[in-house]
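So this block is work-v5.csv, CSV, C-alpha atoms:
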```
chain,number,residue,atom,x,y,z
T,166,MET,CA,0.0,0.0,0.0
T,167,SER,CA,1.4,3.4,-0.9
T,168,ALA,CA,2.1,6.0,1.7
T,169,HIS,CA,-0.7,8.1,0.4
T,170,ALA,CA,-3.4,5.3,0.4
T,171,ASP,CA,-6.1,5.7,3.0
T,172,PRO,CA,-8.1,2.5,3.7
T,173,ARG,CA,-10.9,4.5,5.3
T,174,PRO,CA,-13.9,5.2,3.0
T,175,ARG,CA,-14.4,8.9,2.1
T,176,LEU,CA,-17.4,10.4,3.8
T,177,GLY,CA,-19.1,11.5,0.5
T,178,SER,CA,-18.8,8.0,-0.9
T,179,TRP,CA,-21.6,6.8,1.4
T,180,LEU,CA,-23.1,10.0,2.7
T,181,VAL,CA,-24.4,11.2,-0.6
T,182,PRO,CA,-26.2,7.9,-1.5
T,183,ALA,CA,-27.7,7.7,2.0
T,184,LEU,CA,-29.0,11.3,1.8
T,185,LEU,CA,-30.4,10.6,-1.7
T,186,MET,CA,-32.2,7.5,-0.4
T,187,ALA,CA,-33.5,9.5,2.6
T,188,ALA,CA,-35.0,12.0,0.1
T,189,SER,CA,-36.4,9.1,-2.0
T,190,GLY,CA,-37.9,7.4,1.0
T,191,GLY,CA,-39.2,10.7,2.3
T,192,LEU,CA,-41.0,11.3,-1.0
T,193,THR,CA,-42.6,7.9,-1.3
T,194,MET,CA,-43.0,6.7,2.2
T,195,GLY,CA,-43.5,10.2,3.7
T,196,PHE,CA,-45.4,12.2,1.2
T,197,GLY,CA,-46.8,9.2,-0.6
T,198,ARG,CA,-48.2,7.4,2.5
T,199,LEU,CA,-48.6,10.0,5.2
T,200,THR,CA,-49.9,13.1,3.5
T,201,PHE,CA,-53.4,11.7,3.1
T,202,PRO,CA,-54.0,11.3,6.8
T,203,VAL,CA,-53.1,15.0,7.3
T,204,LEU,CA,-55.5,16.1,4.5
T,205,LEU,CA,-58.1,13.4,5.3
T,206,GLU,CA,-60.8,15.8,6.8
T,207,GLU,CA,-60.6,18.3,3.9
T,208,MET,CA,-60.7,15.6,1.2
T,209,THR,CA,-63.5,13.8,3.0
T,210,ALA,CA,-65.6,17.0,3.2
T,211,ASP,CA,-64.8,17.9,-0.4
T,212,TYR,CA,-65.7,14.7,-2.3
T,213,LEU,CA,-64.9,11.4,-0.4
T,214,GLY,CA,-68.1,11.8,1.6
T,215,SER,CA,-67.4,9.6,4.6
T,216,TYR,CA,-64.7,8.3,6.8
T,217,SER,CA,-65.5,4.8,5.7
T,218,VAL,CA,-64.5,5.7,2.2
T,219,ALA,CA,-61.4,7.6,3.5
T,220,GLY,CA,-60.5,4.4,5.3
T,221,LEU,CA,-60.7,2.5,2.0
T,222,VAL,CA,-58.3,5.0,0.4
T,223,SER,CA,-55.8,4.5,3.2
T,224,ALA,CA,-56.2,0.7,2.9
T,225,ALA,CA,-55.6,1.0,-0.9
T,226,ASN,CA,-52.3,2.8,-0.3
T,227,LEU,CA,-51.1,0.3,2.3
T,228,GLY,CA,-52.3,-2.6,0.1
T,229,GLY,CA,-50.3,-1.2,-2.8
T,230,TYR,CA,-47.3,-0.9,-0.6
T,231,LEU,CA,-47.5,-4.6,0.3
T,232,VAL,CA,-47.9,-5.5,-3.3
T,233,GLY,CA,-44.9,-3.4,-4.2
T,234,THR,CA,-42.9,-5.0,-1.5
T,235,LEU,CA,-43.7,-8.5,-2.9
T,236,LEU,CA,-42.9,-7.5,-6.5
T,237,SER,CA,-39.7,-5.6,-5.8
T,238,ASN,CA,-37.7,-8.8,-5.2
T,239,ALA,CA,-38.5,-10.0,-8.7
T,240,TRP,CA,-38.0,-6.6,-10.3
T,241,LEU,CA,-34.5,-6.3,-8.7
T,242,ARG,CA,-33.4,-9.6,-10.3
T,243,ARG,CA,-33.7,-7.9,-13.7
T,244,THR,CA,-33.2,-4.2,-12.8
T,245,PRO,CA,-30.4,-2.3,-11.0
T,246,ALA,CA,-31.6,-0.8,-7.7
T,247,ARG,CA,-30.8,2.7,-8.9
T,248,THR,CA,-32.9,2.3,-12.0
T,249,LEU,CA,-35.9,0.9,-10.0
T,250,VAL,CA,-35.6,3.8,-7.5
T,251,VAL,CA,-35.8,6.3,-10.4
T,252,ARG,CA,-38.7,4.5,-12.0
T,253,GLY,CA,-40.6,4.3,-8.7
T,254,LEU,CA,-39.9,8.0,-8.0
T,255,CYS,CA,-41.3,8.9,-11.4
T,256,VAL,CA,-44.5,6.9,-10.8
T,257,ALA,CA,-44.9,8.3,-7.3
T,258,THR,CA,-44.4,11.9,-8.4
T,259,ALA,CA,-47.0,11.4,-11.2
T,260,CYS,CA,-49.5,10.0,-8.6
T,261,LEU,CA,-48.9,13.0,-6.3
T,262,ALA,CA,-49.5,15.4,-9.2
T,263,LEU,CA,-52.7,13.4,-10.3
T,264,THR,CA,-54.3,13.4,-6.9
T,265,PRO,CA,-55.4,17.1,-6.8
T,266,ALA,CA,-57.1,16.6,-10.2
T,267,VAL,CA,-59.1,13.6,-9.0
T,268,ARG,CA,-62.9,14.0,-8.7
T,269,ASP,CA,-63.9,10.4,-8.7
T,270,VAL,CA,-63.6,8.1,-5.6
T,271,TYR,CA,-62.7,5.0,-7.7
T,272,PHE,CA,-60.0,7.0,-9.5
T,273,VAL,CA,-58.4,8.1,-6.2
T,274,LEU,CA,-58.5,4.5,-4.9
T,275,ALA,CA,-56.6,3.5,-8.1
T,276,VAL,CA,-54.1,6.4,-7.8
T,277,MET,CA,-53.4,5.6,-4.1
T,278,PHE,CA,-53.0,1.9,-4.9
T,279,VAL,CA,-50.4,2.6,-7.6
T,280,LEU,CA,-48.7,5.2,-5.3
T,281,GLY,CA,-48.4,2.4,-2.7
T,282,ILE,CA,-46.8,0.0,-5.2
T,283,ALA,CA,-44.3,2.7,-6.1
T,284,SER,CA,-43.6,3.4,-2.4
T,285,GLY,CA,-42.9,-0.3,-1.8
T,286,ALA,CA,-40.6,-0.7,-4.8
T,287,VAL,CA,-38.6,2.4,-4.0
T,288,TRP,CA,-38.2,1.6,-0.3
T,289,ILE,CA,-37.0,-1.9,-0.9
T,290,SER,CA,-34.6,-0.6,-3.6
T,291,CYS,CA,-33.1,2.0,-1.3
T,292,VAL,CA,-31.6,-0.7,0.9
T,293,PRO,CA,-29.2,-2.3,-1.6
T,294,VAL,CA,-28.2,1.2,-2.8
T,295,VAL,CA,-27.1,2.2,0.8
T,296,SER,CA,-25.6,-1.2,1.5
T,297,GLY,CA,-23.5,-1.0,-1.7
T,298,ALA,CA,-22.1,2.4,-0.7
T,299,ALA,CA,-21.8,2.3,3.1
T,300,PRO,CA,-18.9,0.4,4.8
T,301,ALA,CA,-19.7,-2.0,7.6
T,302,GLU,CA,-18.5,0.4,10.3
T,303,ARG,CA,-20.9,3.1,9.0
T,304,ARG,CA,-23.8,0.9,8.0
T,305,GLY,CA,-26.0,1.6,11.0
T,306,VAL,CA,-25.8,5.3,10.8
T,307,ALA,CA,-26.3,5.1,7.0
T,308,TYR,CA,-29.5,3.3,7.4
T,309,GLY,CA,-30.5,5.6,10.2
T,310,LEU,CA,-30.0,8.5,7.8
T,311,MET,CA,-32.1,6.8,5.2
T,312,LEU,CA,-34.9,6.3,7.6
T,313,SER,CA,-34.8,9.9,8.9
T,314,GLY,CA,-36.1,11.0,5.5
T,315,ILE,CA,-39.6,9.7,6.5
T,316,GLY,CA,-39.8,11.8,9.7
T,317,THR,CA,-38.3,14.8,7.9
T,318,SER,CA,-41.0,14.6,5.2
T,319,VAL,CA,-43.8,14.3,7.8
T,320,ALA,CA,-42.5,17.5,9.4
T,321,LEU,CA,-42.2,19.1,6.0
T,322,THR,CA,-45.8,18.2,5.2
T,323,GLY,CA,-46.9,20.4,8.0
T,324,LEU,CA,-44.9,23.3,6.6
T,325,VAL,CA,-46.3,22.7,3.1
T,326,VAL,CA,-49.9,22.7,4.5
T,327,ARG,CA,-49.3,26.0,6.3
T,328,LEU,CA,-47.7,27.4,3.2
T,329,ALA,CA,-50.7,26.4,1.0
T,330,ASP,CA,-53.1,27.8,3.5
T,331,HIS,CA,-51.2,31.1,3.6
T,332,LEU,CA,-51.0,31.4,-0.2
T,333,PHE,CA,-54.4,30.0,-1.2
T,334,GLY,CA,-56.5,30.1,1.9
T,335,PRO,CA,-57.9,27.4,4.2
T,336,GLY,CA,-59.1,24.2,2.4
T,337,SER,CA,-56.4,24.4,-0.2
T,338,TRP,CA,-55.5,20.7,0.1
T,339,ARG,CA,-55.1,20.3,-3.7
T,340,ALA,CA,-52.2,22.8,-3.6
T,341,VAL,CA,-50.4,20.6,-1.1
T,342,TRP,CA,-50.2,17.7,-3.5
T,343,VAL,CA,-49.0,20.0,-6.3
T,344,ILE,CA,-46.2,21.4,-4.1
T,345,GLU,CA,-45.2,17.8,-3.1
T,346,GLY,CA,-45.2,16.8,-6.8
T,347,ALA,CA,-42.8,19.6,-7.5
T,348,ILE,CA,-40.6,18.4,-4.7
T,349,GLY,CA,-40.7,15.0,-6.3
T,350,LEU,CA,-39.2,16.4,-9.6
T,351,LEU,CA,-36.3,17.8,-7.6
T,352,VAL,CA,-35.7,14.5,-5.9
T,353,ILE,CA,-35.7,12.7,-9.3
T,354,ALA,CA,-33.3,15.2,-10.7
T,355,SER,CA,-31.0,14.9,-7.7
T,356,VAL,CA,-30.9,11.1,-7.9
T,357,LEU,CA,-30.2,11.1,-11.6
T,358,LEU,CA,-27.4,13.7,-11.3
T,359,LEU,CA,-25.7,12.6,-8.0
T,360,LEU,CA,-26.3,8.9,-7.6
T,361,ARG,CA,-23.7,6.9,-9.6
T,362,PRO,CA,-24.8,3.7,-11.3
T,363,ALA,CA,-23.5,0.5,-9.6
T,364,PRO,CA,-20.3,-0.6,-11.4
T,365,THR,CA,-21.5,-4.1,-11.9
T,366,GLY,CA,-24.5,-3.2,-13.9
T,367,HIS,CA,-27.4,-5.5,-13.4
T,368,PRO,CA,-27.6,-7.3,-10.1
T,369,ALA,CA,-27.0,-11.0,-9.8
T,370,PRO,CA,-30.1,-13.2,-9.3
T,371,ALA,CA,-31.3,-13.2,-5.7
T,372,ALA,CA,-30.2,-16.8,-5.0
T,373,GLY,CA,-28.3,-18.2,-2.1
T,374,PRO,CA,-27.6,-21.2,0.0
T,375,GLY,CA,-30.6,-23.5,0.0
T,376,HIS,CA,-32.4,-21.4,-2.6
T,377,PRO,CA,-30.6,-21.8,-5.9
T,378,HIS,CA,-33.3,-20.1,-7.8
T,379,GLY,CA,-34.0,-17.3,-5.3
T,380,ARG,CA,-37.2,-18.9,-4.0
T,381,GLY,CA,-38.2,-18.6,-0.4
T,382,LEU,CA,-36.5,-16.7,2.4
T,383,PRO,CA,-32.7,-16.2,2.5
T,384,SER,CA,-31.3,-18.5,5.0
T,385,GLY,CA,-30.9,-17.4,8.6
T,386,ILE,CA,-33.4,-14.5,8.7
T,387,GLY,CA,-36.5,-16.2,10.2
T,388,TRP,CA,-35.9,-14.5,13.5
T,389,ALA,CA,-35.6,-11.1,11.8
T,390,VAL,CA,-39.0,-11.7,10.2
T,391,ALA,CA,-40.4,-12.6,13.6
T,392,ILE,CA,-38.9,-9.5,15.2
T,393,TYR,CA,-40.4,-7.2,12.6
T,394,LEU,CA,-43.8,-8.9,12.7
T,395,PHE,CA,-44.1,-8.3,16.4
T,396,TYR,CA,-42.5,-4.8,16.1
T,397,GLY,CA,-45.1,-3.9,13.4
T,398,THR,CA,-47.9,-5.1,15.6
T,399,VAL,CA,-46.7,-3.1,18.6
T,400,HIS,CA,-46.3,-0.1,16.3
T,401,GLY,CA,-49.8,-0.4,14.9
T,402,LEU,CA,-51.3,-0.6,18.5
T,403,TYR,CA,-49.2,2.2,20.0
T,404,SER,CA,-49.3,4.8,17.2
T,405,ASN,CA,-52.9,4.5,16.3
T,406,TYR,CA,-54.4,4.9,19.8
T,407,VAL,CA,-51.9,6.8,21.9
T,408,VAL,CA,-53.6,10.2,21.6
T,409,ALA,CA,-57.0,8.7,22.6
T,410,ALA,CA,-55.6,6.5,25.3
T,411,ALA,CA,-53.6,9.3,26.9
T,412,GLN,CA,-56.8,11.3,27.4
T,413,GLU,CA,-58.8,8.5,29.1
T,414,GLY,CA,-57.4,9.1,32.6
T,415,GLY,CA,-58.3,12.8,32.4
T,416,ASN,CA,-54.8,13.9,33.3
T,417,LEU,CA,-54.0,15.0,29.7
T,418,SER,CA,-56.2,17.3,27.7
T,419,SER,CA,-56.7,16.9,24.0
T,420,GLY,CA,-54.1,19.6,23.4
T,421,GLN,CA,-51.6,17.9,25.7
T,422,ALA,CA,-52.1,14.5,24.1
T,423,THR,CA,-51.6,16.0,20.6
T,424,ALA,CA,-48.5,17.8,21.8
T,425,ALA,CA,-47.1,14.5,23.1
T,426,PHE,CA,-47.7,12.9,19.7
T,427,SER,CA,-45.9,15.9,18.1
T,428,VAL,CA,-42.9,15.1,20.4
T,429,LEU,CA,-43.0,11.6,19.0
T,430,GLY,CA,-42.8,13.0,15.5
T,431,LEU,CA,-39.8,15.2,16.3
T,432,THR,CA,-37.7,12.5,18.0
T,433,ASN,CA,-38.3,9.9,15.3
T,434,VAL,CA,-36.3,12.0,12.9
T,435,LEU,CA,-33.2,11.4,15.1
T,436,GLY,CA,-33.9,7.9,16.3
T,437,GLY,CA,-32.5,6.0,13.4
T,438,LEU,CA,-29.4,8.1,13.3
T,439,VAL,CA,-28.6,7.8,17.0
T,440,LEU,CA,-29.4,4.1,17.5
T,441,GLY,CA,-27.9,3.2,14.1
T,442,ARG,CA,-24.7,4.9,15.0
T,443,LEU,CA,-24.6,3.3,18.5
T,444,SER,CA,-25.1,-0.1,16.9
T,445,ASP,CA,-22.0,0.5,14.7
T,446,GLY,CA,-19.9,0.6,17.9
T,447,TRP,CA,-21.8,-1.5,20.5
T,448,GLY,CA,-23.1,-4.3,18.3
T,449,ARG,CA,-26.4,-4.8,16.7
T,450,ARG,CA,-28.0,-7.5,18.8
T,451,ARG,CA,-27.2,-5.9,22.2
T,452,LEU,CA,-28.8,-2.6,21.1
T,453,LEU,CA,-31.7,-4.3,19.3
T,454,VAL,CA,-32.7,-6.3,22.4
T,455,GLY,CA,-32.4,-3.2,24.6
T,456,ALA,CA,-34.5,-1.1,22.2
T,457,LEU,CA,-37.3,-3.7,22.0
T,458,VAL,CA,-37.4,-4.0,25.8
T,459,ALA,CA,-37.6,-0.1,26.0
T,460,LEU,CA,-40.4,-0.3,23.3
T,461,SER,CA,-42.3,-2.6,25.7
T,462,GLY,CA,-41.8,-0.1,28.5
T,463,CYS,CA,-43.2,2.7,26.4
T,464,ALA,CA,-46.4,0.8,25.8
T,465,ALA,CA,-46.8,-0.1,29.4
T,466,ALA,CA,-46.4,3.5,30.5
T,467,VAL,CA,-49.4,4.8,28.5
T,468,PRO,CA,-52.3,3.3,30.6
T,469,LEU,CA,-50.8,4.7,33.8
T,470,HIS,CA,-52.3,8.1,32.7
T,471,GLN,CA,-49.5,10.2,34.1
T,472,ALA,CA,-48.7,13.3,32.0
T,473,GLY,CA,-44.9,13.2,32.5
T,474,LEU,CA,-44.8,9.5,31.8
T,475,THR,CA,-46.9,9.9,28.6
T,476,PHE,CA,-44.6,12.6,27.3
T,477,ALA,CA,-41.5,10.6,28.1
T,478,SER,CA,-43.1,7.5,26.5
T,479,CYS,CA,-43.8,9.4,23.3
T,480,ALA,CA,-40.4,10.9,23.2
T,481,LEU,CA,-38.6,7.6,23.6
T,482,TYR,CA,-41.0,5.8,21.3
T,483,GLY,CA,-40.3,8.3,18.6
T,484,MET,CA,-36.6,7.4,18.9
T,485,LEU,CA,-37.3,3.7,18.8
T,486,MET,CA,-39.8,4.0,15.9
T,487,THR,CA,-36.9,4.6,13.5
T,488,GLY,CA,-34.1,3.2,15.6
T,489,VAL,CA,-35.3,-0.4,15.7
T,490,PRO,CA,-35.7,-0.5,11.8
T,491,ALA,CA,-32.2,1.1,11.4
T,492,VAL,CA,-30.5,-1.5,13.6
T,493,LEU,CA,-32.4,-4.5,12.2
T,494,THR,CA,-31.7,-3.4,8.6
T,495,ALA,CA,-28.0,-3.0,9.4
T,496,SER,CA,-28.1,-6.4,10.9
T,497,LEU,CA,-29.5,-7.9,7.7
T,498,ALA,CA,-26.9,-6.1,5.7
T,499,ASP,CA,-24.2,-7.5,7.9
T,500,ARG,CA,-25.6,-11.0,7.6
T,501,LEU,CA,-26.6,-11.4,4.0
T,502,PRO,CA,-24.7,-11.1,0.7
T,503,ALA,CA,-25.6,-8.2,-1.5
T,504,ARG,CA,-27.6,-10.4,-3.9
T,505,GLN,CA,-29.9,-11.6,-1.1
T,506,LEU,CA,-30.3,-8.3,0.8
T,507,ALA,CA,-33.2,-6.9,-1.2
T,508,SER,CA,-35.2,-10.1,-0.8
T,509,GLY,CA,-34.4,-10.3,2.9
T,510,TYR,CA,-35.5,-6.7,3.4
T,511,ALA,CA,-38.7,-7.3,1.4
T,512,ALA,CA,-39.5,-10.3,3.6
T,513,ILE,CA,-39.2,-8.3,6.9
T,514,SER,CA,-41.0,-5.3,5.3
T,515,LEU,CA,-43.9,-7.6,4.4
T,516,ALA,CA,-43.9,-8.8,8.0
T,517,VAL,CA,-44.1,-5.3,9.5
T,518,GLY,CA,-46.8,-4.4,7.0
T,519,VAL,CA,-48.9,-7.3,8.1
T,520,GLY,CA,-48.4,-6.4,11.7
T,521,GLN,CA,-49.5,-2.8,11.1
T,522,LEU,CA,-52.5,-4.0,9.1
T,523,VAL,CA,-54.0,-6.4,11.7
T,524,SER,CA,-53.2,-4.6,14.9
T,525,PRO,CA,-55.4,-1.5,14.7
T,526,PRO,CA,-58.7,-3.5,14.3
T,527,ALA,CA,-57.5,-5.9,17.1
T,528,GLY,CA,-56.6,-3.0,19.4
T,529,GLY,CA,-59.9,-1.2,18.7
T,530,TRP,CA,-61.8,-4.4,19.4
T,531,LEU,CA,-60.1,-4.9,22.7
T,532,ALA,CA,-60.9,-1.3,23.7
T,533,ASP,CA,-64.5,-1.7,22.8
T,534,VAL,CA,-64.8,-5.0,24.8
T,535,THR,CA,-63.0,-3.7,27.9
T,536,GLY,CA,-64.1,-0.1,27.9
T,537,ASP,CA,-60.6,1.4,27.7
T,538,PHE,CA,-57.2,1.0,26.1
T,539,ALA,CA,-55.4,-0.5,29.1
T,540,LEU,CA,-55.5,-4.1,27.8
T,541,THR,CA,-54.6,-2.9,24.3
T,542,TYR,CA,-51.4,-1.4,25.6
T,543,LEU,CA,-50.6,-4.3,27.9
T,544,VAL,CA,-50.8,-6.6,24.9
T,545,ALA,CA,-48.5,-4.2,23.0
T,546,ALA,CA,-46.0,-4.3,25.9
T,547,ALA,CA,-46.1,-8.1,26.0
T,548,LEU,CA,-45.5,-8.3,22.3
T,549,GLY,CA,-42.6,-6.0,22.6
T,550,LEU,CA,-41.0,-8.4,25.1
T,551,VAL,CA,-41.7,-11.3,22.6
T,552,ALA,CA,-39.9,-9.3,19.9
T,553,ALA,CA,-36.9,-8.8,22.3
T,554,ALA,CA,-36.8,-12.5,23.0
T,555,ALA,CA,-36.7,-13.1,19.2
T,556,ALA,CA,-33.9,-10.6,19.0
T,557,VAL,CA,-31.8,-12.6,21.5
T,558,ARG,CA,-32.0,-15.5,19.0
T,559,PHE,CA,-30.8,-13.4,16.1
T,560,PRO,CA,-27.1,-13.2,16.7
T,561,ASP,CA,-24.6,-10.7,15.4
T,562,GLN,CA,-22.9,-12.3,12.3
T,563,LYS,CA,-20.6,-11.0,9.7
T,564,ARG,CA,-21.8,-11.0,6.1
T,565,ILE,CA,-22.0,-14.4,4.4
T,566,PRO,CA,-19.7,-14.5,1.3
T,567,ALA,CA,-21.5,-13.9,-1.9
```

Take the structure in the file and give it back as structure tokens.
Amino acid sequence: MSAHADPRPRLGSWLVPALLMAASGGLTMGFGRLTFPVLLEEMTADYLGSYSVAGLVSAANLGGYLVGTLLSNAWLRRTPARTLVVRGLCVATACLALTPAVRDVYFVLAVMFVLGIASGAVWISCVPVVSGAAPAERRGVAYGLMLSGIGTSVALTGLVVRLADHLFGPGSWRAVWVIEGAIGLLVIASVLLLLRPAPTGHPAPAAGPGHPHGRGLPSGIGWAVAIYLFYGTVHGLYSNYVVAAAQEGGNLSSGQATAAFSVLGLTNVLGGLVLGRLSDGWGRRRLLVGALVALSGCAAAVPLHQAGLTFASCALYGMLMTGVPAVLTASLADRLPARQLASGYAAISLAVGVGQLVSPPAGGWLADVTGDFALTYLVAAALGLVAAAAAVRFPDQKRIPA
């Protein structure tokens, strides 16, 4: 090695791809999936007509995301990850731009379904892009940065809504989608200009030990699927009902409960970065187990109906909400060869999606049967501990040779 050689990777070599994937995830997973809940009341009053129809629109978006997650593994066998990111961004941006022009309920259902497919395809494709750029000792913080794009876009949505109201007056929900579509064009241009194509061209088929044709799960990630399934279930229970549950004891007003939820939104921007970086030095499994135990504690604190505990629970949960995915994704990247990483991440993403799909109805049913949310959050706490137990069985492991 020459005296001038530096074995350490240059910061820009992985930071720029991570930032670009953060922007891509923010557009598709943030704007694409989380703008509609913010504008739900205005869109319902304008033409959807009922919250039942609005619920179908939300379900169409989530269903499309699950479909995109399933299809992305097959697409990535034939298409480089960078190319699939760009294609997905183009489709998502078109859907954002089409939404304000929609006047028919069936058309908006179709648009939201396609937007969900694009979101799933982009999100799965972001993982191999970051993995290919980030060295092992920076992988946790790189994935944390990627995940921070979602929280950032949620905060940005609030600013866009206020800007639209200021420029066009209250009820200008259509302008919000137009502004977000314009941001989408900037993200596409940035990815095309700044993200270099992978040097190997098309990816190798997603095959591996035990699965020569890429069928089934990559070996050794069953525990990761279990962890993410339980994590997704806890997340669906906690995030959907925390504002309502916090007000049950009478110690938090509606404004305080909403403020606590806003704290959750702020801390989740940093959670992936902080926990991901810590996992780079402390080890993935140790931090993952501790984070999931803390997740259980956050759920257990909510039915105690103490204002300070509720705020602390929301603040810590916001950190864990992006921290757990960052650490688990980095663990997968450590464990799987590059050709299996996308299929492995698609598997755990499907698991977390299923957990988030089934848990809100189950949690609501428990609340209806018992008369409050105490049992709902105790179940969430118990499932958090089950996820932590599964994490104990998912050991740290260096990447399997390709």

Atom CA of Ser290 of chain T to atom CA of Ser496 of chain T, distance in Å rounded to a single decimal: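 Separation of atom CA of Ser290 of chain T and atom CA of Ser496 of chain T: 16.9 Å.
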
Residue nearest Ala283 of chain T among T:Gly190, T:Gly336, T:Gly297, T:Pro202 (counting all atoms listed in the file):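 Among the listed residues, T:Gly190 lies closest to Ala283 of chain T.
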
Shell around Glu207 of chain T at 10 Å using all atoms listed in the file, local window under 6 positions removed, as a ChimeraX atom specification: /T:201,213,335-339

Separation of atom CA of Gly483 of chain T from atom CA of Val399 of chain T in Å: 13.1 Å

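Distance check against Thr423 of chain T using all atoms listed in the file: of T:Val557, T:Leu543, T:Ala411, T:Ala286, the minimum falls on T:Ala411.
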
Using only C-alpha atoms: which of T:Thr322, T:Ser404, T:Asn238, T:Thr317 has the shortest distance to Leu435 of chain T: T:Thr317

Spatial sel., origin (-41.4, -6.8, -8.0), limit 12 Å, only C-alpha atoms, listed as an NGL selection string: :T and (229-244 or 246 or 249 or 253 or 282-290 or 507-508 or 511)

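The residue that comes closest to Arg449 of chain T, out of T:His470, T:Gly349, T:Val306, T:Leu481 and on the basis of all atoms listed in the file, is T:Val306.
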
From T:Leu497, T:Pro265, T:Arg247, T:Ala556, residue lying nearest Trp342 of chain T [only C-alpha atoms]: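 Once distances to Trp342 of chain T are computed over only C-alpha atoms, the minimum belongs to T:Pro265.
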
Distance query Arg450 of chain T at most 8 Å, all atoms listed in the file, self and fewer than 2 positions along chain excluded, as a short mmCIF file (atom, residue, chain, number, x, y, z; two decimals) with C-alpha atoms, keeping the file's coordinate frame:
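Saved result, out.cif, follows:
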```
data_model
loop_
_atom_site.label_atom_id
_atom_site.label_comp_id
_atom_site.auth_asym_id
_atom_site.auth_seq_id
_atom_site.Cartn_x
_atom_site.Cartn_y
_atom_site.Cartn_z
CA GLY T 448 -23.10 -4.30 18.30
CA LEU T 452 -28.80 -2.60 21.10
CA LEU T 453 -31.70 -4.30 19.30
CA VAL T 454 -32.70 -6.30 22.40
CA SER T 496 -28.10 -6.40 10.90
CA ALA T 556 -33.90 -10.60 19.00
CA VAL T 557 -31.80 -12.60 21.50
CA PHE T 559 -30.80 -13.40 16.10
CA PRO T 560 -27.10 -13.20 16.70
CA ASP T 561 -24.60 -10.70 15.40
#
```

Shortest interatomic distance to Leu402 of chain T - which of T:Phe196, T:Ser178, T:Val467, T:Arg504, counting only C-alpha atoms: T:Val467

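In this model, the gap between atom CA of Trp179 of chain T and atom CA of Ala299 of chain T comes to 4.8 Å.
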
Selection near Ala459 of chain T, 10 Å with only C-alpha atoms, sequence-local residues under 3 positions removed, as a list in words: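 In the requested format, the answer is Leu453, Val454, Gly455, Ala456, Gly462, Cys463, Ala464, Ala465, Ser478, Leu481, Tyr482, Leu485, Ala546, Gly549, Leu550 and Ala553 of chain T.
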